[in-house]
$ cat my_file-v4.tsv   # TSV, C-alpha atoms
chain	number	residue	atom	x	y	z
B	1	MET	CA	117.76	-50.21	-16.59
B	2	PHE	CA	121.16	-48.69	-17.35
B	3	ASP	CA	123.80	-51.10	-16.02
B	4	VAL	CA	126.98	-49.05	-15.68
B	5	GLN	CA	128.98	-51.93	-14.21
B	6	ARG	CA	128.16	-54.06	-17.23
B	7	VAL	CA	129.16	-51.21	-19.51
B	8	ARG	CA	132.51	-50.82	-17.77
B	9	GLU	CA	133.43	-54.42	-18.58
B	10	ASP	CA	133.60	-53.47	-22.27
B	11	PHE	CA	136.38	-50.90	-21.78
B	12	PRO	CA	139.85	-52.43	-21.44
B	13	ILE	CA	141.54	-49.17	-20.45
B	14	LEU	CA	139.43	-48.91	-17.30
B	15	LYS	CA	141.44	-51.80	-15.89
B	16	ARG	CA	144.54	-49.57	-15.87
B	17	LYS	CA	146.09	-48.08	-12.78
B	18	ILE	CA	147.75	-44.68	-12.72
B	19	ASN	CA	150.35	-44.21	-9.96
B	20	SER	CA	148.99	-47.42	-8.40
B	21	TYR	CA	145.44	-45.98	-8.26
B	22	PRO	CA	142.46	-47.17	-10.35
B	23	LEU	CA	141.97	-44.99	-13.41
B	24	ILE	CA	139.09	-42.54	-13.15
B	25	TYR	CA	138.50	-40.89	-16.49
B	26	PHE	CA	136.62	-37.58	-16.22
B	27	ASP	CA	137.89	-35.97	-19.44
B	28	ASN	CA	135.18	-37.21	-21.77
B	29	ALA	CA	134.43	-33.82	-23.29
B	30	ALA	CA	137.95	-33.93	-24.76
B	31	THR	CA	137.79	-37.54	-26.00
B	32	THR	CA	136.17	-40.77	-24.88
B	33	GLN	CA	137.53	-44.24	-24.25
B	34	LYS	CA	136.81	-47.10	-26.66
B	35	PRO	CA	134.84	-50.28	-25.96
B	36	GLN	CA	136.15	-53.64	-27.09
B	37	GLN	CA	133.47	-53.74	-29.79
B	38	VAL	CA	134.97	-50.69	-31.49
B	39	LEU	CA	138.53	-51.98	-31.13
B	40	ASP	CA	137.41	-55.29	-32.62
B	41	ALA	CA	135.77	-53.54	-35.58
B	42	GLU	CA	139.02	-51.73	-36.38
B	43	ARG	CA	141.09	-54.86	-36.08
B	44	ASP	CA	138.65	-56.92	-38.17
B	45	PHE	CA	138.72	-54.37	-40.97
B	46	TYR	CA	142.50	-54.35	-41.26
B	47	GLU	CA	142.86	-58.10	-40.79
B	48	ASN	CA	140.11	-59.17	-43.18
B	49	HIS	CA	138.74	-56.42	-45.43
B	50	ASN	CA	141.43	-53.80	-46.03
B	51	GLY	CA	141.20	-52.27	-49.49
B	52	ASN	CA	140.58	-48.86	-51.02
B	53	VAL	CA	136.99	-47.82	-51.61
B	54	HIS	CA	135.19	-47.06	-54.88
B	55	ARG	CA	138.38	-47.73	-56.85
B	56	ALA	CA	138.55	-51.35	-57.93
B	57	VAL	CA	136.48	-54.40	-58.82
B	58	HIS	CA	138.41	-56.89	-56.70
B	59	THR	CA	136.90	-58.51	-53.61
B	60	LEU	CA	138.70	-56.51	-50.92
B	61	SER	CA	137.83	-53.19	-52.53
B	62	GLN	CA	134.21	-54.21	-52.85
B	63	GLU	CA	134.08	-55.35	-49.21
B	64	ALA	CA	135.73	-52.14	-48.00
B	65	THR	CA	133.31	-50.07	-50.06
B	66	ASP	CA	130.30	-51.94	-48.71
B	67	LEU	CA	131.47	-51.48	-45.11
B	68	TYR	CA	132.25	-47.80	-45.66
B	69	GLU	CA	128.90	-46.99	-47.25
B	70	ALA	CA	127.07	-49.09	-44.66
B	71	ALA	CA	128.75	-46.92	-42.01
B	72	ARG	CA	127.38	-43.84	-43.76
B	73	GLU	CA	123.89	-45.34	-43.72
B	74	THR	CA	124.21	-46.22	-40.01
B	75	THR	CA	125.34	-42.68	-39.23
B	76	ALA	CA	122.54	-41.09	-41.26
B	77	LYS	CA	119.87	-43.11	-39.45
B	78	PHE	CA	121.44	-42.33	-36.07
B	79	ILE	CA	120.95	-38.58	-36.53
B	80	GLY	CA	117.65	-38.82	-38.41
B	81	ALA	CA	118.97	-37.75	-41.83
B	82	LYS	CA	116.56	-38.44	-44.68
B	83	ASN	CA	119.28	-39.62	-47.03
B	84	SER	CA	122.74	-41.11	-46.47
B	85	ALA	CA	123.99	-38.74	-49.20
B	86	GLU	CA	123.56	-35.97	-46.60
B	87	VAL	CA	126.39	-37.46	-44.51
B	88	VAL	CA	129.94	-36.41	-45.40
B	89	PHE	CA	132.80	-38.13	-43.59
B	90	VAL	CA	135.48	-35.70	-42.40
B	91	ARG	CA	138.23	-35.72	-39.74
B	92	GLY	CA	136.06	-34.21	-37.04
B	93	THR	CA	133.90	-31.27	-36.01
B	94	THR	CA	136.65	-28.79	-36.82
B	95	GLU	CA	137.00	-29.92	-40.43
B	96	ALA	CA	133.22	-30.10	-40.82
B	97	ILE	CA	132.77	-26.45	-39.82
B	98	ASN	CA	135.72	-25.37	-41.96
B	99	LEU	CA	134.20	-27.22	-44.90
B	100	VAL	CA	131.01	-25.19	-44.57
B	101	ALA	CA	132.91	-21.95	-44.08
B	102	TYR	CA	134.95	-22.48	-47.24
B	103	SER	CA	132.59	-24.42	-49.53
B	104	TRP	CA	129.40	-22.57	-48.67
B	105	GLY	CA	130.67	-19.41	-46.98
B	106	ILE	CA	133.30	-18.03	-49.33
B	107	PRO	CA	131.21	-18.43	-52.54
B	108	ASN	CA	128.05	-17.02	-50.95
B	109	LEU	CA	129.17	-14.30	-48.53
B	110	LYS	CA	130.01	-10.70	-49.38
B	111	ALA	CA	130.53	-7.34	-47.72
B	112	GLY	CA	127.43	-6.40	-45.73
B	113	ASP	CA	126.48	-10.00	-44.97
B	114	GLU	CA	126.58	-11.28	-41.39
B	115	ILE	CA	127.38	-14.55	-39.64
B	116	LEU	CA	125.95	-14.93	-36.14
B	117	VAL	CA	127.69	-17.00	-33.45
B	118	SER	CA	127.81	-16.83	-29.64
B	119	THR	CA	130.60	-16.05	-27.21
B	120	MET	CA	130.30	-19.55	-25.70
B	121	GLU	CA	131.61	-21.21	-28.86
B	122	HIS	CA	134.64	-23.46	-29.18
B	123	HIS	CA	137.34	-21.77	-31.24
B	124	SER	CA	136.49	-24.20	-34.06
B	125	ASN	CA	133.17	-22.41	-34.38
B	126	ILE	CA	134.74	-18.96	-34.28
B	127	VAL	CA	138.02	-18.97	-36.20
B	128	PRO	CA	136.68	-20.43	-39.49
B	129	TRP	CA	134.07	-17.68	-39.69
B	130	GLU	CA	136.60	-14.96	-38.94
B	131	LEU	CA	138.82	-16.38	-41.70
B	132	ALA	CA	135.87	-16.43	-44.09
B	133	ALA	CA	135.07	-12.85	-43.11
B	134	LYS	CA	138.58	-11.71	-44.02
B	135	LEU	CA	138.23	-13.31	-47.44
B	136	THR	CA	134.70	-12.12	-48.24
B	137	GLY	CA	134.27	-8.85	-46.34
B	138	CYS	CA	131.31	-10.14	-44.34
B	139	THR	CA	130.95	-9.51	-40.60
B	140	VAL	CA	130.88	-11.98	-37.72
B	141	ARG	CA	128.55	-10.93	-34.90
B	142	TYR	CA	128.59	-12.40	-31.40
B	143	GLY	CA	125.54	-13.15	-29.29
B	144	LYS	CA	125.98	-12.50	-25.57
B	145	VAL	CA	126.17	-15.09	-22.81
B	146	HIS	CA	124.80	-14.55	-19.30
B	147	PRO	CA	127.22	-14.64	-16.34
B	148	ASP	CA	125.95	-18.15	-15.53
B	149	GLY	CA	127.04	-19.39	-18.96
B	150	THR	CA	123.58	-19.64	-20.48
B	151	LEU	CA	122.84	-18.05	-23.82
B	152	ASP	CA	121.25	-14.59	-23.78
B	153	THR	CA	118.52	-15.75	-26.13
B	154	ALA	CA	116.93	-12.31	-26.44
B	155	ASP	CA	120.23	-10.78	-27.48
B	156	PHE	CA	121.01	-13.62	-29.88
B	157	GLU	CA	117.62	-13.47	-31.56
B	158	GLY	CA	117.77	-9.68	-31.61
B	159	LYS	CA	120.90	-9.79	-33.76
B	160	PHE	CA	119.11	-11.52	-36.64
B	161	ASN	CA	118.33	-9.16	-39.50
B	162	LYS	CA	118.00	-9.17	-43.29
B	163	ASN	CA	121.80	-9.36	-43.63
B	164	THR	CA	122.16	-12.52	-41.52
B	165	LYS	CA	123.12	-15.40	-43.78
B	166	LEU	CA	123.95	-18.09	-41.22
B	167	ALA	CA	123.78	-18.69	-37.48
B	168	SER	CA	126.29	-21.15	-35.99
B	169	LEU	CA	125.76	-22.35	-32.44
B	170	SER	CA	126.87	-25.22	-30.23
B	171	GLN	CA	124.02	-27.40	-29.02
B	172	VAL	CA	125.98	-28.07	-25.84
B	173	SER	CA	128.80	-25.87	-24.52
B	174	ASN	CA	132.08	-27.75	-24.20
B	175	VAL	CA	132.96	-25.66	-21.12
B	176	SER	CA	129.75	-25.39	-19.10
B	177	GLY	CA	127.64	-28.21	-20.51
B	178	VAL	CA	124.78	-25.74	-21.09
B	179	ILE	CA	122.22	-27.04	-23.60
B	180	ASN	CA	121.01	-24.52	-26.18
B	181	ASP	CA	117.58	-24.69	-27.81
B	182	VAL	CA	118.94	-24.99	-31.33
B	183	LYS	CA	115.55	-26.08	-32.68
B	184	HIS	CA	114.07	-22.72	-31.69
B	185	ILE	CA	117.10	-20.79	-32.96
B	186	ALA	CA	116.92	-22.67	-36.29
B	187	LYS	CA	113.27	-21.60	-36.65
B	188	VAL	CA	114.21	-17.98	-36.00
B	189	ALA	CA	117.10	-18.21	-38.47
B	190	HIS	CA	114.86	-19.59	-41.19
B	191	GLU	CA	112.28	-16.88	-40.56
B	192	HIS	CA	115.03	-14.38	-41.39
B	193	GLY	CA	116.13	-16.30	-44.49
B	194	ALA	CA	119.33	-17.52	-42.80
B	195	LEU	CA	120.81	-21.01	-42.54
B	196	MET	CA	121.55	-22.81	-39.28
B	197	LEU	CA	124.71	-24.75	-38.40
B	198	VAL	CA	124.92	-26.70	-35.15
B	199	ASP	CA	128.14	-27.76	-33.47
B	200	GLY	CA	127.07	-31.14	-32.14
B	201	ALA	CA	130.43	-32.27	-30.77
B	202	GLN	CA	129.10	-32.33	-27.20
B	203	SER	CA	125.48	-33.23	-27.94
B	204	VAL	CA	125.43	-36.09	-30.44
B	205	PRO	CA	127.45	-38.40	-28.11
B	206	HIS	CA	125.24	-37.72	-25.09
B	207	MET	CA	121.62	-37.14	-26.08
B	208	PRO	CA	119.12	-37.96	-28.82
B	209	VAL	CA	119.71	-35.70	-31.82
B	210	ASP	CA	117.34	-35.73	-34.82
B	211	VAL	CA	118.25	-33.33	-37.61
B	212	ALA	CA	114.81	-33.60	-39.19
B	213	ASP	CA	113.13	-32.60	-35.94
B	214	LEU	CA	115.61	-29.80	-35.28
B	215	ASP	CA	115.39	-28.67	-38.93
B	216	VAL	CA	119.00	-27.54	-38.97
B	217	ASP	CA	120.84	-27.07	-42.25
B	218	PHE	CA	124.24	-28.30	-41.03
B	219	LEU	CA	125.35	-30.48	-38.10
B	220	ALA	CA	128.98	-31.22	-37.24
B	221	PHE	CA	130.28	-33.83	-34.80
B	222	SER	CA	133.31	-36.01	-34.02
B	223	GLY	CA	133.68	-39.78	-33.71
B	224	HIS	CA	136.30	-39.76	-30.96
B	225	LYS	CA	133.92	-38.01	-28.55
B	226	MET	CA	131.39	-40.84	-28.91
B	227	LEU	CA	133.50	-44.01	-28.43
B	228	GLY	CA	134.87	-43.97	-31.99
B	229	PRO	CA	138.44	-43.47	-33.17
B	230	THR	CA	140.18	-40.16	-33.76
B	231	GLY	CA	140.38	-38.81	-37.29
B	232	ILE	CA	136.75	-39.47	-38.24
B	233	GLY	CA	133.82	-37.09	-37.99
B	234	VAL	CA	130.65	-36.11	-39.76
B	235	LEU	CA	129.17	-33.15	-41.54
B	236	TYR	CA	125.45	-33.47	-42.06
B	237	ALA	CA	123.98	-31.05	-44.57
B	238	LYS	CA	120.67	-30.88	-46.36
B	239	LYS	CA	121.14	-32.41	-49.79
B	240	PRO	CA	120.17	-29.32	-51.83
B	241	LEU	CA	122.90	-27.36	-50.04
B	242	LEU	CA	125.53	-30.02	-50.72
B	243	GLU	CA	124.52	-30.05	-54.39
B	244	GLN	CA	125.06	-26.28	-54.61
B	245	MET	CA	128.31	-26.17	-52.66
B	246	SER	CA	131.77	-26.31	-54.23
B	247	PRO	CA	134.27	-28.99	-53.18
B	248	PHE	CA	136.47	-28.29	-50.18
B	249	GLU	CA	139.47	-30.24	-51.50
B	250	GLY	CA	140.50	-31.48	-54.93
B	251	GLY	CA	141.83	-34.90	-55.86
B	252	GLY	CA	140.70	-38.40	-56.57
B	253	GLU	CA	137.15	-39.60	-55.96
B	254	MET	CA	135.57	-36.14	-55.75
B	255	ILE	CA	135.48	-35.81	-59.55
B	256	ARG	CA	133.35	-37.37	-62.26
B	257	ASP	CA	135.55	-36.40	-65.21
B	258	VAL	CA	138.85	-34.61	-65.76
B	259	THR	CA	139.80	-33.91	-69.37
B	260	VAL	CA	142.58	-31.83	-70.93
B	261	ASN	CA	142.29	-30.37	-74.43
B	262	GLN	CA	145.72	-30.87	-75.96
B	263	GLN	CA	145.28	-27.95	-78.39
B	264	THR	CA	144.02	-25.31	-75.96
B	265	GLU	CA	145.65	-26.78	-72.86
B	266	ARG	CA	142.39	-26.20	-71.04
B	267	CYS	CA	141.16	-28.59	-68.38
B	268	GLY	CA	137.54	-29.54	-67.98
B	269	ILE	CA	136.37	-30.88	-64.61
B	270	SER	CA	132.97	-32.12	-63.48
B	271	TRP	CA	132.30	-32.95	-59.85
B	272	ASN	CA	131.06	-36.19	-58.36
B	273	ASP	CA	127.70	-36.27	-56.60
B	274	PRO	CA	127.43	-35.49	-52.88
B	275	PRO	CA	128.67	-36.73	-50.49
B	276	TRP	CA	131.68	-38.03	-52.46
B	277	LYS	CA	132.25	-34.57	-53.95
B	278	PHE	CA	133.57	-33.59	-50.50
B	279	GLU	CA	135.68	-36.69	-49.80
B	280	ALA	CA	138.79	-36.17	-51.90
B	281	GLY	CA	141.47	-38.85	-51.78
B	282	THR	CA	141.42	-42.01	-49.72
B	283	PRO	CA	139.07	-41.44	-46.77
B	284	ASN	CA	139.42	-42.79	-43.25
B	285	ILE	CA	137.70	-46.04	-44.19
B	286	CYS	CA	138.50	-47.93	-41.02
B	287	GLY	CA	137.55	-44.92	-38.94
B	288	ALA	CA	134.09	-44.83	-40.52
B	289	VAL	CA	133.62	-48.56	-39.95
B	290	ALA	CA	134.64	-48.20	-36.30
B	291	LEU	CA	132.38	-45.16	-35.89
B	292	ALA	CA	129.48	-47.29	-37.07
B	293	ALA	CA	130.39	-49.86	-34.40
B	294	ALA	CA	130.41	-47.08	-31.79
B	295	ILE	CA	127.01	-45.84	-32.95
B	296	LYS	CA	125.54	-49.34	-32.71
B	297	TYR	CA	126.96	-49.65	-29.19
B	298	LEU	CA	125.33	-46.37	-28.15
B	299	GLN	CA	122.05	-47.33	-29.80
B	300	HIS	CA	122.04	-50.59	-27.88
B	301	LEU	CA	122.33	-48.65	-24.61
B	302	GLY	CA	119.79	-46.05	-25.71
B	303	MET	CA	120.58	-42.35	-26.08
B	304	ALA	CA	117.79	-41.32	-23.70
B	305	GLU	CA	119.14	-43.71	-21.09
B	306	ILE	CA	122.67	-42.39	-21.59
B	307	PHE	CA	121.45	-38.82	-21.14
B	308	GLN	CA	119.60	-39.76	-17.95
B	309	HIS	CA	122.63	-41.60	-16.52
B	310	GLU	CA	124.86	-38.57	-17.06
B	311	LYS	CA	122.23	-36.22	-15.66
B	312	GLU	CA	122.06	-38.23	-12.44
B	313	LEU	CA	125.85	-38.24	-12.17
B	314	THR	CA	125.95	-34.48	-12.70
B	315	VAL	CA	123.36	-33.78	-10.01
B	316	TYR	CA	125.14	-36.09	-7.57
B	317	ALA	CA	128.57	-34.63	-8.32
B	318	MET	CA	127.46	-31.03	-7.92
B	319	GLU	CA	125.74	-31.81	-4.61
B	320	GLN	CA	128.81	-33.59	-3.25
B	321	MET	CA	131.27	-30.97	-4.47
B	322	LEU	CA	129.32	-28.04	-3.06
B	323	SER	CA	128.56	-29.68	0.29
B	324	CYS	CA	131.97	-31.20	0.97
B	325	CYS	CA	134.48	-28.73	-0.48
B	326	THR	CA	134.65	-25.28	1.09
B	327	LYS	CA	137.27	-23.82	-1.29
B	328	LEU	CA	135.72	-25.18	-4.47
B	329	ARG	CA	133.73	-23.04	-6.88
B	330	LEU	CA	131.52	-24.30	-9.69
B	331	TYR	CA	131.45	-22.01	-12.72
B	332	GLY	CA	128.34	-21.42	-14.76
B	333	THR	CA	124.85	-22.58	-13.93
B	334	THR	CA	124.32	-25.23	-11.27
B	335	ASP	CA	120.84	-26.01	-12.60
B	336	ALA	CA	121.32	-29.56	-13.87
B	337	SER	CA	118.15	-29.34	-15.96
B	338	LEU	CA	119.95	-26.86	-18.22
B	339	LYS	CA	123.08	-28.87	-18.88
B	340	CYS	CA	124.82	-32.09	-19.86
B	341	GLY	CA	127.47	-33.86	-17.78
B	342	ILE	CA	130.18	-31.17	-17.96
B	343	MET	CA	131.31	-29.22	-14.88
B	344	PRO	CA	133.87	-26.41	-14.89
B	345	PHE	CA	135.25	-25.61	-11.46
B	346	GLY	CA	138.15	-24.15	-9.54
B	347	VAL	CA	139.81	-24.50	-6.15
B	348	GLU	CA	140.69	-21.32	-4.28
B	349	GLY	CA	144.41	-20.53	-4.34
B	350	LEU	CA	145.24	-23.10	-7.05
B	351	SER	CA	145.50	-22.82	-10.81
B	352	SER	CA	143.44	-25.20	-12.94
B	353	HIS	CA	146.66	-26.99	-13.90
B	354	ASP	CA	147.59	-27.42	-10.22
B	355	VAL	CA	144.21	-29.04	-9.65
B	356	ALA	CA	144.55	-31.35	-12.64
B	357	LEU	CA	148.07	-32.45	-11.68
B	358	PHE	CA	147.05	-33.11	-8.07
B	359	LEU	CA	144.15	-35.28	-9.25
B	360	ASP	CA	146.41	-37.04	-11.74
B	361	ASN	CA	148.62	-38.18	-8.88
B	362	TYR	CA	145.62	-40.19	-7.68
B	363	GLY	CA	144.64	-41.56	-11.08
B	364	VAL	CA	141.87	-39.03	-11.84
B	365	MET	CA	141.96	-37.52	-15.34
B	366	ILE	CA	140.35	-34.10	-15.86
B	367	ARG	CA	140.95	-31.20	-18.24
B	368	SER	CA	142.54	-27.86	-17.32
B	369	GLY	CA	142.98	-24.64	-19.28
B	370	TYR	CA	140.45	-22.66	-21.30
B	371	HIS	CA	139.27	-25.65	-23.34
B	372	CYS	CA	139.57	-23.82	-26.69
B	373	ALA	CA	136.92	-21.36	-25.52
B	374	GLN	CA	138.65	-18.19	-24.34
B	375	PRO	CA	135.69	-15.83	-24.96
B	376	LEU	CA	133.50	-17.80	-22.53
B	377	HIS	CA	136.24	-17.74	-19.92
B	378	GLN	CA	136.30	-13.96	-20.35
B	379	VAL	CA	132.57	-13.96	-19.53
B	380	PHE	CA	133.39	-15.93	-16.37
B	381	ASN	CA	136.32	-13.57	-15.67
B	382	LEU	CA	138.67	-16.57	-15.54
B	383	ALA	CA	142.11	-17.21	-16.98
B	384	SER	CA	141.29	-20.94	-17.04
B	385	SER	CA	139.20	-23.60	-15.38
B	386	ALA	CA	139.33	-27.24	-14.35
B	387	ARG	CA	136.71	-29.39	-16.05
B	388	ALA	CA	135.21	-32.74	-15.14
B	389	SER	CA	133.05	-34.41	-17.77
B	390	PHE	CA	131.15	-37.68	-17.55
B	391	TYR	CA	130.18	-40.50	-19.89
B	392	ILE	CA	128.52	-43.89	-19.94
B	393	TYR	CA	131.16	-45.72	-17.88
B	394	ASN	CA	131.44	-43.25	-15.00
B	395	THR	CA	129.96	-44.03	-11.59
B	396	LYS	CA	128.89	-42.39	-8.33
B	397	GLU	CA	131.69	-44.30	-6.61
B	398	GLU	CA	134.17	-42.54	-8.88
B	399	VAL	CA	132.56	-39.22	-8.01
B	400	ASP	CA	132.95	-40.01	-4.31
B	401	ARG	CA	136.66	-40.68	-4.75
B	402	PHE	CA	137.03	-37.54	-6.86
B	403	VAL	CA	135.41	-35.41	-4.15
B	404	LYS	CA	137.51	-37.04	-1.43
B	405	ILE	CA	140.69	-36.03	-3.28
B	406	LEU	CA	139.40	-32.50	-3.76
B	407	LYS	CA	138.84	-32.24	0.00
B	408	GLU	CA	142.45	-33.36	0.60
B	409	MET	CA	143.61	-30.76	-1.90
B	410	GLU	CA	141.98	-27.97	0.09
B	411	GLN	CA	144.36	-28.64	2.98
B	412	PHE	CA	147.34	-27.39	0.97
$ encode --input "my_file-v4.tsv" --output "structure tokens"
Amino acid sequence: MFDVQRVREDFPILKRKINSYPLIYFDNAATTQKPQQVLDAERDFYENHNGNVHRAVHTLSQEATDLYEAARETTAKFIGAKNSAEVVFVRGTTEAINLVAYSWGIPNLKAGDEILVSTMEHHSNIVPWELAAKLTGCTVRYGKVHPDGTLDTADFEGKFNKNTKLASLSQVSNVSGVINDVKHIAKVAHEHGALMLVDGAQSVPHMPVDVADLDVDFLAFSGHKMLGPTGIGVLYAKKPLLEQMSPFEGGGEMIRDVTVNQQTERCGISWNDPPWKFEAGTPNICGAVALAAAIKYLQHLGMAEIFQHEKELTVYAMEQMLSCCTKLRLYGTTDASLKCGIMPFGVEGLSSHDVALFLDNYGVMIRSGYHCAQPLHQVFNLASSARASFYIYNTKEEVDRFVKILKEMEQF
């Protein structure tokens, strides 16, 4: 049984008060809080094992290298990768998608080729492809989204053709929480000879994700959205693709040899093997170690149990919000079976920022704005939205307090 009260004991920040009120943190889609186990892992690394990786034979370097590569192995197993060499450590989902756009996209795309995304995407899954299109002459096409925020699957599938080279889709929308059937879309993509990239920023932290089962070619996600530190993320890619791709950045570690012919002044460079070919310079070693600690924490709780806990919170929150708040509107689908624990909403007569600031006065943290997803807000015909998003340490009691404050807000 999922024991949320026991979980909460592991998070020091939840003991804080904001404006004399207990902290209620409902901004988990933006970033999550960190358990003591992750904080301890970071501290232990810097206090006892700090050294650069892959660079020296001394004890600290060897220990740091072992911890770093063990973190890669832990991460690979967590997402069902066949080989730890398919896991590249990056700064986050944004860098992971950019890496694919530049290292795979620019060398392989040309005029007439097409990239397929949806209008529900985070800007990090739109802008890199538009930049790649400007450099290569390819075209970015956009699959439609229904008014309730769900993907128009027929439209999306109908846009595949012989020119489609890659489809890039979020598994879970960061605005609506809608879950997309990326396994099915990947199958359709492969039937058309295209690759499949999945933005897993909002799925990997909240539900079981197995890349082998999904059969996706790329998966991108961020550590800070799953109890880990900022500045560490993951690009999963099938090994044959990584072997074919060019490096994203140049520098130390990503090379095997660099030689200069003194007579011709020509430089010869050979690349390192994946994944190190894509990890130029000193990586975020401590971040990877702490991410591994976060993964082990989540595995101990169970990803299926986490998903169920958030689903129950979402159902409860939507019921309470709709029954108790007359001026409140939920945006997107209210079918909890179609979504994760993310709820965009608005209060009549107030901007999303007004709502967020009012809640902040009572210690409740939510997000306001367009959440780096303007095209989806255009579908909803909204300038912005307020967003509440849940995680493992949130409770029904917190939801009750949240709804009570929203009811007070309606009086203004």
$ residues_near_point --input "my_file-v4.tsv" --point "(141.8, -44.5, -13.4)" --cutoff "9 Å" --atoms "all atoms listed in the file" --output "ChimeraX atom specification"
/B:13-18,21-25,360,362-365
$ write_last_selection --input "my_file-v4.tsv" --atoms "C-alpha atoms" --output "mmCIF file, in the coordinates of the input"
data_model
loop_
_atom_site.group_PDB
_atom_site.id
_atom_site.type_symbol
_atom_site.label_atom_id
_atom_site.label_comp_id
_atom_site.auth_asym_id
_atom_site.auth_seq_id
_atom_site.Cartn_x
_atom_site.Cartn_y
_atom_site.Cartn_z
ATOM 1 C CA ILE B 13 141.540 -49.170 -20.450
ATOM 2 C CA LEU B 14 139.430 -48.910 -17.300
ATOM 3 C CA LYS B 15 141.440 -51.800 -15.890
ATOM 4 C CA ARG B 16 144.540 -49.570 -15.870
ATOM 5 C CA LYS B 17 146.090 -48.080 -12.780
ATOM 6 C CA ILE B 18 147.750 -44.680 -12.720
ATOM 7 C CA TYR B 21 145.440 -45.980 -8.260
ATOM 8 C CA PRO B 22 142.460 -47.170 -10.350
ATOM 9 C CA LEU B 23 141.970 -44.990 -13.410
ATOM 10 C CA ILE B 24 139.090 -42.540 -13.150
ATOM 11 C CA TYR B 25 138.500 -40.890 -16.490
ATOM 12 C CA ASP B 360 146.410 -37.040 -11.740
ATOM 13 C CA TYR B 362 145.620 -40.190 -7.680
ATOM 14 C CA GLY B 363 144.640 -41.560 -11.080
ATOM 15 C CA VAL B 364 141.870 -39.030 -11.840
ATOM 16 C CA MET B 365 141.960 -37.520 -15.340
#
$ residues_around --input "my_file-v4.tsv" --residues "segment 268-285 of chain B" --least-positions-apart "5" --cutoff "10 Å" --atoms "all atoms listed in the file" --output "number ranges by chain"
B: 42, 45, 50-55, 64-65, 67-69, 71-72, 84-91, 99, 103, 230-233, 235-237, 239-261, 290-291
$ residues_near_point --input "my_file-v4.tsv" --point "(134.0, -33.0, -15.5)" --cutoff "6 Å" --atoms "all atoms listed in the file" --output "list in words"
Phe26, Ile342, Met343, Arg387, Ala388, Ser389 and Phe390 of chain B
$ atom_distance --input "my_file-v4.tsv" --atom1 "atom CA of His192 of chain B" --atom2 "atom CA of Ile106 of chain B"
20.3 Å
$ closest_residue --input "my_file-v4.tsv" --among "B:Ala317, B:Ala386, B:Val57, B:Ala132" --to "Arg401 of chain B" --atoms "all atoms listed in the file"
B:Ala317
$ closest_residue --input "my_file-v4.tsv" --among "B:Leu227, B:Val379, B:Val100, B:Ile185" --to "Asp148 of chain B" --atoms "only C-alpha atoms"
B:Val379
$ closest_residue --input "my_file-v4.tsv" --among "B:Glu73, B:Asp213, B:Glu410, B:Asp27" --to "Asn174 of chain B" --atoms "only C-alpha atoms"
B:Asp27
$ residues_around --input "my_file-v4.tsv" --residues "Asn108 of chain B" --least-positions-apart "6" --cutoff "10 Å" --atoms "all atoms listed in the file" --output "list in words"
Ala101, Tyr102, Thr136, Lys165 and Met245 of chain B
$ closest_residue --input "my_file-v4.tsv" --among "B:Lys77, B:Lys144, B:Lys162, B:Lys311" --to "Asp113 of chain B" --atoms "only C-alpha atoms"
B:Lys162
$ axis_aligned_box --input "my_file-v4.tsv" --around "segment 80-90 of chain B" --padding-each-side "8 Å" --output "JSON"
{"center_x": 126.0, "center_y": -38.4, "center_z": -43.8, "size_x": 34.9, "size_y": 21.4, "size_z": 26.8}
$ atom_distance --input "my_file-v4.tsv" --atom1 "atom CA of Leu135 of chain B" --atom2 "atom CA of Thr93 of chain B"
21.7 Å
$ closest_residue --input "my_file-v4.tsv" --among "B:Ala81, B:Val355, B:Asn48, B:Val172" --to "Glu63 of chain B" --atoms "all atoms listed in the file"
B:Asn48
$ residues_around --input "my_file-v4.tsv" --residues "Ala383 of chain B" --least-positions-apart "3" --cutoff "10 Å" --atoms "all atoms listed in the file" --output "list in words"
Ser351, Ser352, Gly369, Tyr370, Gln374, His377, Gln378 and Phe380 of chain B
$ atom_distance --input "my_file-v4.tsv" --atom1 "atom CA of Val117 of chain B" --atom2 "atom CA of Arg141 of chain B"
6.3 Å
$ residues_around --input "my_file-v4.tsv" --residues "Gln308 of chain B" --least-positions-apart "3" --cutoff "12 Å" --atoms "only C-alpha atoms" --output "list in words"
Met1, Phe2, His206, Met207, Pro208, Leu301, Gly302, Met303, Ala304, Glu305, Lys311, Glu312, Leu313, Thr314, Val315, Ala336, Ser337, Lys339, Cys340, Gly341, Phe390, Tyr391 and Ile392 of chain B
$ residues_around --input "my_file-v4.tsv" --residues "Ala111 of chain B" --least-positions-apart "2" --cutoff "9 Å" --atoms "all atoms listed in the file" --output "ChimeraX atom specification"
/B:109,113-114,133,136-139
